[in-house]
>>> print(open('upload_18.cif').read())   # mmCIF, C-alpha atoms and all ligand atoms
data_data
#
loop_
_atom_site.group_PDB
_atom_site.id
_atom_site.type_symbol
_atom_site.label_atom_id
_atom_site.label_comp_id
_atom_site.auth_asym_id
_atom_site.auth_seq_id
_atom_site.Cartn_x
_atom_site.Cartn_y
_atom_site.Cartn_z
ATOM 1 C CA MET A 1 71.604 -3.307 -56.227
ATOM 2 C CA ARG A 2 71.296 -6.605 -58.060
ATOM 3 C CA ILE A 3 73.763 -8.883 -59.814
ATOM 4 C CA GLN A 4 72.966 -10.567 -63.106
ATOM 5 C CA SER A 5 74.596 -11.870 -66.279
ATOM 6 C CA PHE A 6 75.878 -9.344 -68.812
ATOM 7 C CA THR A 7 74.172 -9.043 -72.204
ATOM 8 C CA LEU A 8 75.341 -7.148 -75.284
ATOM 9 C CA ASP A 9 72.831 -4.355 -74.493
ATOM 10 C CA HIS A 10 75.197 -3.400 -71.676
ATOM 11 C CA LEU A 11 78.319 -3.275 -73.837
ATOM 12 C CA GLU A 12 78.848 0.490 -74.095
ATOM 13 C CA GLU A 13 78.056 1.105 -70.457
ATOM 14 C CA VAL A 14 80.477 -1.600 -69.329
ATOM 15 C CA PHE A 15 83.305 -0.249 -71.514
ATOM 16 C CA SER A 16 82.663 3.177 -70.030
ATOM 17 C CA LEU A 17 82.716 1.731 -66.490
ATOM 18 C CA TRP A 18 86.015 -0.086 -67.129
ATOM 19 C CA GLN A 19 87.546 3.156 -68.355
ATOM 20 C CA ARG A 20 86.233 5.183 -65.393
ATOM 21 C CA ALA A 21 87.634 2.547 -63.025
ATOM 22 C CA GLY A 22 91.055 2.858 -64.696
ATOM 23 C CA LEU A 23 91.345 -0.650 -66.132
ATOM 24 C CA LYS A 24 93.770 -1.321 -68.978
ATOM 25 C CA LEU A 25 91.776 -2.658 -71.928
ATOM 26 C CA SER A 26 93.387 -4.809 -74.601
ATOM 27 C CA ARG A 27 92.871 -5.506 -78.269
ATOM 28 C CA SER A 28 90.552 -8.399 -77.261
ATOM 29 C CA ASP A 29 88.111 -5.926 -75.710
ATOM 30 C CA THR A 30 86.104 -5.261 -78.858
ATOM 31 C CA PRO A 31 82.398 -5.919 -79.450
ATOM 32 C CA LEU A 32 83.367 -9.018 -81.498
ATOM 33 C CA GLY A 33 85.743 -10.245 -78.795
ATOM 34 C CA ILE A 34 83.039 -9.852 -76.144
ATOM 35 C CA GLN A 35 80.474 -11.586 -78.352
ATOM 36 C CA ARG A 36 82.800 -14.587 -78.755
ATOM 37 C CA LYS A 37 83.329 -14.710 -75.015
ATOM 38 C CA LEU A 38 79.561 -14.679 -74.390
ATOM 39 C CA GLU A 39 79.057 -17.643 -76.741
ATOM 40 C CA ARG A 40 81.490 -19.667 -74.632
ATOM 41 C CA ASP A 41 80.598 -18.937 -70.999
ATOM 42 C CA GLY A 42 78.441 -15.816 -70.925
ATOM 43 C CA GLU A 43 76.913 -16.697 -67.559
ATOM 44 C CA LEU A 44 80.280 -15.884 -65.973
ATOM 45 C CA PHE A 45 80.276 -12.266 -67.178
ATOM 46 C CA LEU A 46 78.446 -10.463 -64.374
ATOM 47 C CA ILE A 47 77.178 -6.938 -63.874
ATOM 48 C CA ALA A 48 75.833 -5.132 -60.825
ATOM 49 C CA LEU A 49 72.852 -2.908 -61.568
ATOM 50 C CA THR A 50 71.499 -0.050 -59.464
ATOM 51 C CA ASP A 51 67.751 0.186 -58.729
ATOM 52 C CA ASP A 52 67.450 2.548 -61.698
ATOM 53 C CA ASP A 53 69.295 0.098 -63.975
ATOM 54 C CA ARG A 54 72.664 1.817 -64.185
ATOM 55 C CA ILE A 55 75.758 -0.395 -64.230
ATOM 56 C CA ALA A 56 77.725 0.028 -61.013
ATOM 57 C CA GLY A 57 80.096 -2.903 -61.375
ATOM 58 C CA ALA A 58 81.215 -5.721 -63.657
ATOM 59 C CA VAL A 59 83.450 -8.748 -63.737
ATOM 60 C CA MET A 60 84.309 -10.911 -66.713
ATOM 61 C CA GLY A 61 84.820 -14.407 -65.345
ATOM 62 C CA SER A 62 85.667 -17.408 -67.466
ATOM 63 C CA TYR A 63 86.191 -21.147 -67.158
ATOM 64 C CA ASP A 64 88.550 -23.087 -69.389
ATOM 65 C CA GLY A 65 87.352 -26.496 -68.157
ATOM 66 C CA ARG A 66 90.122 -26.665 -65.563
ATOM 67 C CA ARG A 67 90.609 -23.231 -64.024
ATOM 68 C CA GLY A 68 88.355 -20.288 -63.398
ATOM 69 C CA TRP A 69 89.673 -16.839 -64.321
ATOM 70 C CA VAL A 70 88.761 -13.357 -63.159
ATOM 71 C CA ASN A 71 89.127 -10.508 -65.634
ATOM 72 C CA HIS A 72 88.268 -6.805 -65.601
ATOM 73 C CA LEU A 73 86.638 -6.606 -62.165
ATOM 74 C CA ALA A 74 85.569 -2.996 -61.691
ATOM 75 C CA VAL A 75 83.193 -1.001 -59.536
ATOM 76 C CA ASP A 76 82.169 2.533 -60.461
ATOM 77 C CA PRO A 77 84.369 4.894 -58.402
ATOM 78 C CA ALA A 78 81.157 6.497 -57.045
ATOM 79 C CA CYS A 79 80.016 3.099 -55.679
ATOM 80 C CA GLN A 80 83.300 1.698 -54.361
ATOM 81 C CA GLY A 81 83.592 0.660 -50.735
ATOM 82 C CA GLN A 82 79.982 -0.536 -50.541
ATOM 83 C CA ASP A 83 80.688 -4.256 -50.846
ATOM 84 C CA LEU A 84 79.832 -4.488 -54.530
ATOM 85 C CA GLY A 85 83.216 -5.824 -55.622
ATOM 86 C CA THR A 86 82.939 -8.471 -52.920
ATOM 87 C CA ARG A 87 79.414 -9.439 -53.998
ATOM 88 C CA LEU A 88 80.432 -9.724 -57.659
ATOM 89 C CA MET A 89 83.351 -11.976 -56.729
ATOM 90 C CA GLN A 90 81.191 -14.138 -54.449
ATOM 91 C CA GLU A 91 78.587 -14.620 -57.174
ATOM 92 C CA LEU A 92 81.300 -15.482 -59.715
ATOM 93 C CA GLU A 93 82.860 -17.974 -57.306
ATOM 94 C CA GLN A 94 79.479 -19.607 -56.767
ATOM 95 C CA ARG A 95 78.797 -19.890 -60.504
ATOM 96 C CA LEU A 96 82.287 -21.320 -61.129
ATOM 97 C CA GLY A 97 81.759 -23.854 -58.360
ATOM 98 C CA LEU A 98 78.548 -25.010 -60.010
ATOM 99 C CA LEU A 99 80.540 -25.702 -63.190
ATOM 100 C CA GLY A 100 82.942 -27.974 -61.273
ATOM 101 C CA CYS A 101 85.788 -25.477 -61.042
ATOM 102 C CA ASP A 102 88.066 -25.969 -58.016
ATOM 103 C CA LYS A 103 90.626 -23.164 -58.494
ATOM 104 C CA ILE A 104 90.292 -19.546 -59.523
ATOM 105 C CA ASN A 105 93.203 -17.511 -60.901
ATOM 106 C CA LEU A 106 93.611 -13.803 -61.485
ATOM 107 C CA LEU A 107 96.352 -11.398 -62.493
ATOM 108 C CA ILE A 108 97.067 -7.944 -61.069
ATOM 109 C CA GLU A 109 98.929 -5.170 -62.903
ATOM 110 C CA PRO A 110 102.088 -4.246 -60.941
ATOM 111 C CA GLU A 111 100.943 -0.626 -60.557
ATOM 112 C CA ASN A 112 97.686 -1.877 -58.978
ATOM 113 C CA SER A 113 99.370 -4.074 -56.365
ATOM 114 C CA ARG A 114 97.373 -2.453 -53.503
ATOM 115 C CA VAL A 115 94.307 -4.379 -54.687
ATOM 116 C CA GLN A 116 95.933 -7.583 -53.358
ATOM 117 C CA SER A 117 94.421 -6.838 -49.949
ATOM 118 C CA PHE A 118 90.912 -6.804 -51.484
ATOM 119 C CA TYR A 119 91.438 -10.248 -53.019
ATOM 120 C CA GLY A 120 93.207 -11.448 -49.864
ATOM 121 C CA LYS A 121 89.990 -10.821 -47.886
ATOM 122 C CA LEU A 122 88.219 -13.096 -50.360
ATOM 123 C CA GLY A 123 90.693 -15.908 -49.699
ATOM 124 C CA PHE A 124 93.089 -15.425 -52.641
ATOM 125 C CA LYS A 125 96.770 -16.057 -52.005
ATOM 126 C CA ARG A 126 99.694 -14.638 -53.919
ATOM 127 C CA ASP A 127 101.753 -17.107 -55.977
ATOM 128 C CA GLU A 128 105.226 -16.220 -57.274
ATOM 129 C CA LEU A 129 104.823 -17.198 -60.908
ATOM 130 C CA ILE A 130 106.230 -15.616 -64.024
ATOM 131 C CA PHE A 131 103.466 -14.624 -66.400
ATOM 132 C CA MET A 132 104.269 -14.968 -70.113
ATOM 133 C CA GLU A 133 102.032 -14.146 -73.018
ATOM 134 C CA LYS A 134 101.965 -14.172 -76.818
ATOM 135 C CA TRP A 135 99.547 -12.358 -79.057
ATOM 136 C CA ILE A 136 98.676 -14.359 -82.165
ATOM 137 C CA GLN A 137 96.828 -13.695 -85.374
ATOM 138 C CA PRO A 138 93.417 -15.427 -85.210
ATOM 139 C CA ALA A 139 92.942 -17.789 -88.191
ATOM 140 C CA GLN A 140 89.882 -15.925 -89.490
ATOM 141 C CA ASN A 141 91.948 -12.707 -89.771
ATOM 142 C CA ARG A 142 94.835 -14.318 -91.689
ATOM 143 C CA PRO A 143 95.258 -14.158 -95.451
ATOM 144 C CA LYS A 144 94.326 -17.519 -97.108
ATOM 145 C CA GLY A 145 97.025 -20.228 -96.979
ATOM 146 C CA VAL A 146 99.032 -18.754 -94.072
HETATM 147 C C1 LIG B 1 88.897 -3.480 -56.562
HETATM 148 C C2 LIG B 1 87.428 -3.045 -56.583
HETATM 149 C C3 LIG B 1 86.683 -3.827 -57.623
HETATM 150 C C4 LIG B 1 86.829 -3.314 -55.192
HETATM 151 O O1 LIG B 1 85.441 -3.035 -55.250
HETATM 152 P P1 LIG B 1 84.662 -2.375 -54.020
HETATM 153 O O2 LIG B 1 83.215 -2.536 -54.251
HETATM 154 O O3 LIG B 1 85.186 -1.024 -53.789
HETATM 155 O O4 LIG B 1 85.155 -3.343 -52.833
HETATM 156 P P2 LIG B 1 84.380 -3.726 -51.493
HETATM 157 O O5 LIG B 1 83.539 -2.596 -51.024
HETATM 158 O O6 LIG B 1 83.715 -5.032 -51.697
HETATM 159 O O7 LIG B 1 85.681 -3.845 -50.565
HETATM 160 C C5 LIG B 1 85.957 -4.871 -49.701
HETATM 161 C C6 LIG B 1 87.269 -4.578 -48.987
HETATM 162 O O8 LIG B 1 88.400 -4.448 -49.877
HETATM 163 C C7 LIG B 1 89.065 -3.186 -49.696
HETATM 164 N N1 LIG B 1 89.422 -2.628 -50.982
HETATM 165 C C8 LIG B 1 88.584 -2.347 -51.982
HETATM 166 N N2 LIG B 1 89.269 -1.849 -53.039
HETATM 167 C C9 LIG B 1 90.574 -1.834 -52.685
HETATM 168 C C10 LIG B 1 91.758 -1.452 -53.344
HETATM 169 N N3 LIG B 1 91.754 -0.938 -54.599
HETATM 170 N N4 LIG B 1 92.930 -1.584 -52.668
HETATM 171 C C11 LIG B 1 92.948 -2.071 -51.430
HETATM 172 N N5 LIG B 1 91.850 -2.457 -50.743
HETATM 173 C C12 LIG B 1 90.679 -2.336 -51.366
HETATM 174 C C13 LIG B 1 88.056 -2.306 -48.993
HETATM 175 O O9 LIG B 1 88.711 -1.317 -48.234
HETATM 176 C C14 LIG B 1 87.252 -3.288 -48.180
HETATM 177 O O10 LIG B 1 87.951 -3.560 -46.992
HETATM 178 P P3 LIG B 1 87.227 -3.558 -45.568
HETATM 179 O O11 LIG B 1 86.157 -4.621 -45.660
HETATM 180 O O12 LIG B 1 88.315 -3.894 -44.608
HETATM 181 O O13 LIG B 1 86.687 -2.181 -45.425
HETATM 182 C C15 LIG B 1 87.311 -1.521 -56.859
HETATM 183 O O14 LIG B 1 88.076 -0.820 -55.930
HETATM 184 C C16 LIG B 1 87.731 -1.113 -58.262
HETATM 185 O O15 LIG B 1 86.938 -1.138 -59.195
HETATM 186 N N6 LIG B 1 89.004 -0.712 -58.416
HETATM 187 C C17 LIG B 1 89.489 -0.241 -59.727
HETATM 188 C C18 LIG B 1 89.633 -1.368 -60.726
HETATM 189 C C19 LIG B 1 90.519 -2.478 -60.219
HETATM 190 O O16 LIG B 1 91.570 -2.248 -59.630
HETATM 191 N N7 LIG B 1 90.088 -3.734 -60.464
HETATM 192 C C20 LIG B 1 90.830 -4.904 -60.092
HETATM 193 C C21 LIG B 1 91.686 -5.328 -61.222
HETATM 194 S S1 LIG B 1 92.752 -6.705 -60.748
#
>>> encode(input="upload_18.cif", output="structure tokens")
Amino acid sequence: MRIQSFTLDHLEEVFSLWQRAGLKLSRSDTPLGIQRKLERDGELFLIALTDDDRIAGAVMGSYDGRRGWVNHLAVDPACQGQDLGTRLMQELEQRLGLLGCDKINLLIEPENSRVQSFYGKLGFKRDELIFMEKWIQPAQNRPKGV
């Protein structure tokens, strides 16, 4: 098993993995959305490949210049429990550190709260914050003048 950066060739396989692993995808998870993400910090989007080049795991990390973020970590259900999730997170942490990042954040869906123990083993601590969000219309999708 090896870990490397994601490229667009892996797009379909990664979407399929995320679905098999039961992740909730959002309207940002489109080929265009992923392409934009890759232009910004593509080296933080990691995949784990089997010896025969199948995708067994993925994590979409990002860095906003202040904080690192972990999104859509998933390991193929057939490969879970073999340390892959841990290895993906360690590699992401190392790459974020090289960029100067000193804090990594992540969010967990309430119905997936059991996964806290996985992150806890990696040194993450729970913080009682209220998460708020707002979906906006990207400028390039708006009618002219709005
Ligand atoms: C969470 C996930 C990525 C972990 O990957 P993995 O390769 O199975 O994890 P590892 O083998 O590195 O596990 C390391 C430890 O975490 C524990 N662990 C792994 N997944 C867990 C889970 N869902 N809940 C609780 N503990 C978990 C393991 O039991 C193991 O503990 P141990 O060392 O005491 O035996 C994987 O279970 C997964 O893809 N889950 C579905 C998608 C998901 O929930 N993603 C996270 C979104 S926030």
>>> closest_atom_pairs(input="upload_18.cif", of="chain A", to="ligand LIG 1 (chain B)", cutoff="7 Å", atoms="only C-alpha atoms and all ligand atoms", output="JSON lines")
{"residue": "A:Ala21", "atom": "CA", "partner": "B:LIG1", "partner_atom": "C17", "distance": 4.7}
{"residue": "A:Gly22", "atom": "CA", "partner": "B:LIG1", "partner_atom": "C18", "distance": 6.0}
{"residue": "A:Leu23", "atom": "CA", "partner": "B:LIG1", "partner_atom": "C18", "distance": 5.7}
{"residue": "A:His72", "atom": "CA", "partner": "B:LIG1", "partner_atom": "C21", "distance": 5.7}
{"residue": "A:Leu73", "atom": "CA", "partner": "B:LIG1", "partner_atom": "N7", "distance": 4.8}
{"residue": "A:Ala74", "atom": "CA", "partner": "B:LIG1", "partner_atom": "O15", "distance": 3.4}
{"residue": "A:Val75", "atom": "CA", "partner": "B:LIG1", "partner_atom": "O15", "distance": 3.8}
{"residue": "A:Asp76", "atom": "CA", "partner": "B:LIG1", "partner_atom": "O15", "distance": 6.1}
{"residue": "A:Pro77", "atom": "CA", "partner": "B:LIG1", "partner_atom": "O15", "distance": 6.6}
{"residue": "A:Cys79", "atom": "CA", "partner": "B:LIG1", "partner_atom": "O2", "distance": 6.6}
{"residue": "A:Gln80", "atom": "CA", "partner": "B:LIG1", "partner_atom": "O3", "distance": 3.4}
{"residue": "A:Gly81", "atom": "CA", "partner": "B:LIG1", "partner_atom": "O5", "distance": 3.3}
{"residue": "A:Gln82", "atom": "CA", "partner": "B:LIG1", "partner_atom": "O5", "distance": 4.1}
{"residue": "A:Asp83", "atom": "CA", "partner": "B:LIG1", "partner_atom": "O6", "distance": 3.2}
{"residue": "A:Leu84", "atom": "CA", "partner": "B:LIG1", "partner_atom": "O2", "distance": 3.9}
{"residue": "A:Gly85", "atom": "CA", "partner": "B:LIG1", "partner_atom": "O2", "distance": 3.6}
{"residue": "A:Thr86", "atom": "CA", "partner": "B:LIG1", "partner_atom": "O6", "distance": 3.7}
{"residue": "A:Arg87", "atom": "CA", "partner": "B:LIG1", "partner_atom": "O6", "distance": 6.6}
{"residue": "A:Leu107", "atom": "CA", "partner": "B:LIG1", "partner_atom": "S1", "distance": 6.2}
{"residue": "A:Ile108", "atom": "CA", "partner": "B:LIG1", "partner_atom": "S1", "distance": 4.5}
{"residue": "A:Glu109", "atom": "CA", "partner": "B:LIG1", "partner_atom": "S1", "distance": 6.7}
{"residue": "A:Asn112", "atom": "CA", "partner": "B:LIG1", "partner_atom": "O16", "distance": 6.2}
{"residue": "A:Arg114", "atom": "CA", "partner": "B:LIG1", "partner_atom": "N4", "distance": 4.6}
{"residue": "A:Val115", "atom": "CA", "partner": "B:LIG1", "partner_atom": "N4", "distance": 3.7}
{"residue": "A:Gln116", "atom": "CA", "partner": "B:LIG1", "partner_atom": "C11", "distance": 6.6}
{"residue": "A:Ser117", "atom": "CA", "partner": "B:LIG1", "partner_atom": "N5", "distance": 5.1}
{"residue": "A:Phe118", "atom": "CA", "partner": "B:LIG1", "partner_atom": "O8", "distance": 3.8}
{"residue": "A:Lys121", "atom": "CA", "partner": "B:LIG1", "partner_atom": "O8", "distance": 6.9}
>>> resolve_selection(input="upload_18.cif", expression="the PyMOL selection byres (((chain A and resi 67) around 8) and not hetatm)", output="tab-separated table (two decimals) with C-alpha atoms, keeping the file's coordinate frame")
chain	number	residue	atom	x	y	z
A	63	TYR	CA	86.19	-21.15	-67.16
A	64	ASP	CA	88.55	-23.09	-69.39
A	65	GLY	CA	87.35	-26.50	-68.16
A	66	ARG	CA	90.12	-26.66	-65.56
A	68	GLY	CA	88.36	-20.29	-63.40
A	69	TRP	CA	89.67	-16.84	-64.32
A	101	CYS	CA	85.79	-25.48	-61.04
A	102	ASP	CA	88.07	-25.97	-58.02
A	103	LYS	CA	90.63	-23.16	-58.49
A	104	ILE	CA	90.29	-19.55	-59.52
A	105	ASN	CA	93.20	-17.51	-60.90
>>> resolve_selection(input="upload_18.cif", expression="the PyMOL selection byres (((chain A and resi 92) around 9) and not hetatm)", output="list in words")
Leu44, Phe45, Leu46, Val59, Met60, Gly61, Val70, Arg87, Leu88, Met89, Gln90, Glu91, Glu93, Gln94, Arg95, Leu96 and Gly97 of chain A
>>> write_last_selection(input="upload_18.cif", atoms="C-alpha atoms", output="PDB file, keeping the file's coordinate frame")
ATOM      1  CA  LEU A  44      80.280 -15.884 -65.973  1.00  0.00           C
ATOM      2  CA  PHE A  45      80.276 -12.266 -67.178  1.00  0.00           C
ATOM      3  CA  LEU A  46      78.446 -10.463 -64.374  1.00  0.00           C
ATOM      4  CA  VAL A  59      83.450  -8.748 -63.737  1.00  0.00           C
ATOM      5  CA  MET A  60      84.309 -10.911 -66.713  1.00  0.00           C
ATOM      6  CA  GLY A  61      84.820 -14.407 -65.345  1.00  0.00           C
ATOM      7  CA  VAL A  70      88.761 -13.357 -63.159  1.00  0.00           C
ATOM      8  CA  ARG A  87      79.414  -9.439 -53.998  1.00  0.00           C
ATOM      9  CA  LEU A  88      80.432  -9.724 -57.659  1.00  0.00           C
ATOM     10  CA  MET A  89      83.351 -11.976 -56.729  1.00  0.00           C
ATOM     11  CA  GLN A  90      81.191 -14.138 -54.449  1.00  0.00           C
ATOM     12  CA  GLU A  91      78.587 -14.620 -57.174  1.00  0.00           C
ATOM     13  CA  GLU A  93      82.860 -17.974 -57.306  1.00  0.00           C
ATOM     14  CA  GLN A  94      79.479 -19.607 -56.767  1.00  0.00           C
ATOM     15  CA  ARG A  95      78.797 -19.890 -60.504  1.00  0.00           C
ATOM     16  CA  LEU A  96      82.287 -21.320 -61.129  1.00  0.00           C
ATOM     17  CA  GLY A  97      81.759 -23.854 -58.360  1.00  0.00           C
TER      18      GLY A  97
END
>>> residues_around(input="upload_18.cif", residues="stretch 36-39 of chain A", least_positions_apart="5", cutoff="9 Å", atoms="all atoms listed in the file", output="list in words")
Phe6, Thr7, Leu8, Pro31, Leu44, Phe45 and Ser62 of chain A
>>> atom_distance(input="upload_18.cif", atom1="atom CA of A:Trp18", atom2="atom CA of A:Leu98")
27.0 Å
>>> closest_residue(input="upload_18.cif", among="A:Glu111, A:Asp127, A:Glu13, A:Glu133", to="A:Ile47", atoms="all atoms listed in the file")
A:Glu13
>>> axis_aligned_box(input="upload_18.cif", around="stretch 59-63 of chain A", padding_each_side="4 Å", output="AutoDock Vina command-line options")
--center_x 84.8 --center_y -14.9 --center_z -65.6 --size_x 10.7 --size_y 20.4 --size_z 11.7
>>> atom_distance(input="upload_18.cif", atom1="atom CA of A:Leu17", atom2="atom CA of A:Arg126")
26.7 Å
>>> decode(input="upload_18.cif", residues="stretch 78-108 of chain A", atoms="N, CA and C atoms", output="mmCIF file, in the first residue's frame")
data_model
loop_
_atom_site.group_PDB
_atom_site.id
_atom_site.type_symbol
_atom_site.label_atom_id
_atom_site.label_comp_id
_atom_site.auth_asym_id
_atom_site.auth_seq_id
_atom_site.Cartn_x
_atom_site.Cartn_y
_atom_site.Cartn_z
ATOM 1 N N ALA A 78 -13.534 -2.773 2.942
ATOM 2 C CA ALA A 78 -12.785 -4.039 2.881
ATOM 3 C C ALA A 78 -11.358 -3.893 3.423
ATOM 4 N N CYS A 79 -10.888 -2.656 3.575
ATOM 5 C CA CYS A 79 -9.491 -2.430 4.014
ATOM 6 C C CYS A 79 -9.421 -1.747 5.375
ATOM 7 N N GLN A 80 -10.570 -1.556 6.021
ATOM 8 C CA GLN A 80 -10.546 -0.843 7.309
ATOM 9 C C GLN A 80 -9.886 -1.694 8.385
ATOM 10 N N GLY A 81 -9.360 -1.030 9.389
ATOM 11 C CA GLY A 81 -8.732 -1.740 10.505
ATOM 12 C C GLY A 81 -7.329 -2.225 10.200
ATOM 13 N N GLN A 82 -6.743 -1.722 9.119
ATOM 14 C CA GLN A 82 -5.371 -2.143 8.762
ATOM 15 C C GLN A 82 -4.404 -0.967 8.808
ATOM 16 N N ASP A 83 -4.790 0.072 9.557
ATOM 17 C CA ASP A 83 -3.890 1.201 9.788
ATOM 18 C C ASP A 83 -3.866 2.244 8.671
ATOM 19 N N LEU A 84 -4.675 2.019 7.633
ATOM 20 C CA LEU A 84 -4.599 2.938 6.496
ATOM 21 C C LEU A 84 -5.086 4.343 6.842
ATOM 22 N N GLY A 85 -6.198 4.413 7.585
ATOM 23 C CA GLY A 85 -6.716 5.719 7.983
ATOM 24 C C GLY A 85 -5.664 6.469 8.789
ATOM 25 N N THR A 86 -5.005 5.759 9.677
ATOM 26 C CA THR A 86 -3.945 6.363 10.490
ATOM 27 C C THR A 86 -2.812 6.859 9.596
ATOM 28 N N ARG A 87 -2.400 6.053 8.645
ATOM 29 C CA ARG A 87 -1.277 6.448 7.770
ATOM 30 C C ARG A 87 -1.643 7.662 6.905
ATOM 31 N N LEU A 88 -2.878 7.696 6.426
ATOM 32 C CA LEU A 88 -3.300 8.865 5.629
ATOM 33 C C LEU A 88 -3.258 10.131 6.478
ATOM 34 N N MET A 89 -3.745 10.023 7.724
ATOM 35 C CA MET A 89 -3.761 11.195 8.599
ATOM 36 C C MET A 89 -2.343 11.625 8.979
ATOM 37 N N GLN A 90 -1.461 10.652 9.192
ATOM 38 C CA GLN A 90 -0.072 11.012 9.545
ATOM 39 C C GLN A 90 0.611 11.721 8.380
ATOM 40 N N GLU A 91 0.384 11.228 7.172
ATOM 41 C CA GLU A 91 1.002 11.859 6.000
ATOM 42 C C GLU A 91 0.450 13.282 5.804
ATOM 43 N N LEU A 92 -0.872 13.427 5.997
ATOM 44 C CA LEU A 92 -1.474 14.760 5.865
ATOM 45 C C LEU A 92 -0.890 15.704 6.913
ATOM 46 N N GLU A 93 -0.784 15.225 8.142
ATOM 47 C CA GLU A 93 -0.232 16.065 9.212
ATOM 48 C C GLU A 93 1.192 16.501 8.863
ATOM 49 N N GLN A 94 1.968 15.569 8.322
ATOM 50 C CA GLN A 94 3.349 15.914 7.970
ATOM 51 C C GLN A 94 3.379 16.982 6.866
ATOM 52 N N ARG A 95 2.531 16.790 5.847
ATOM 53 C CA ARG A 95 2.522 17.778 4.753
ATOM 54 C C ARG A 95 2.032 19.141 5.235
ATOM 55 N N LEU A 96 1.042 19.160 6.145
ATOM 56 C CA LEU A 96 0.567 20.436 6.684
ATOM 57 C C LEU A 96 1.664 21.113 7.498
ATOM 58 N N GLY A 97 2.387 20.312 8.267
ATOM 59 C CA GLY A 97 3.482 20.869 9.066
ATOM 60 C C GLY A 97 4.523 21.540 8.182
ATOM 61 N N LEU A 98 4.811 20.924 7.049
ATOM 62 C CA LEU A 98 5.803 21.499 6.136
ATOM 63 C C LEU A 98 5.346 22.848 5.576
ATOM 64 N N LEU A 99 4.024 23.054 5.539
ATOM 65 C CA LEU A 99 3.499 24.336 5.041
ATOM 66 C C LEU A 99 3.465 25.407 6.132
ATOM 67 N N GLY A 100 3.814 25.019 7.365
ATOM 68 C CA GLY A 100 3.813 26.005 8.464
ATOM 69 C C GLY A 100 2.550 25.963 9.298
ATOM 70 N N CYS A 101 1.702 25.005 9.046
ATOM 71 C CA CYS A 101 0.433 24.899 9.782
ATOM 72 C C CYS A 101 0.697 24.417 11.214
ATOM 73 N N ASP A 102 0.045 25.037 12.212
ATOM 74 C CA ASP A 102 0.265 24.560 13.583
ATOM 75 C C ASP A 102 -1.014 24.079 14.261
ATOM 76 N N LYS A 103 -2.128 24.023 13.524
ATOM 77 C CA LYS A 103 -3.364 23.467 14.116
ATOM 78 C C LYS A 103 -4.219 22.867 13.012
ATOM 79 N N ILE A 104 -4.738 21.687 13.302
ATOM 80 C CA ILE A 104 -5.583 21.003 12.311
ATOM 81 C C ILE A 104 -6.980 20.842 12.891
ATOM 82 N N ASN A 105 -7.987 21.192 12.114
ATOM 83 C CA ASN A 105 -9.385 21.093 12.535
ATOM 84 C C ASN A 105 -10.111 20.048 11.697
ATOM 85 N N LEU A 106 -11.140 19.470 12.271
ATOM 86 C CA LEU A 106 -12.015 18.591 11.496
ATOM 87 C C LEU A 106 -13.396 18.562 12.138
ATOM 88 N N LEU A 107 -14.376 18.203 11.358
ATOM 89 C CA LEU A 107 -15.758 18.143 11.820
ATOM 90 C C LEU A 107 -16.269 16.713 11.674
ATOM 91 N N ILE A 108 -17.108 16.300 12.592
ATOM 92 C CA ILE A 108 -17.671 14.941 12.564
ATOM 93 C C ILE A 108 -19.191 15.052 12.566
#
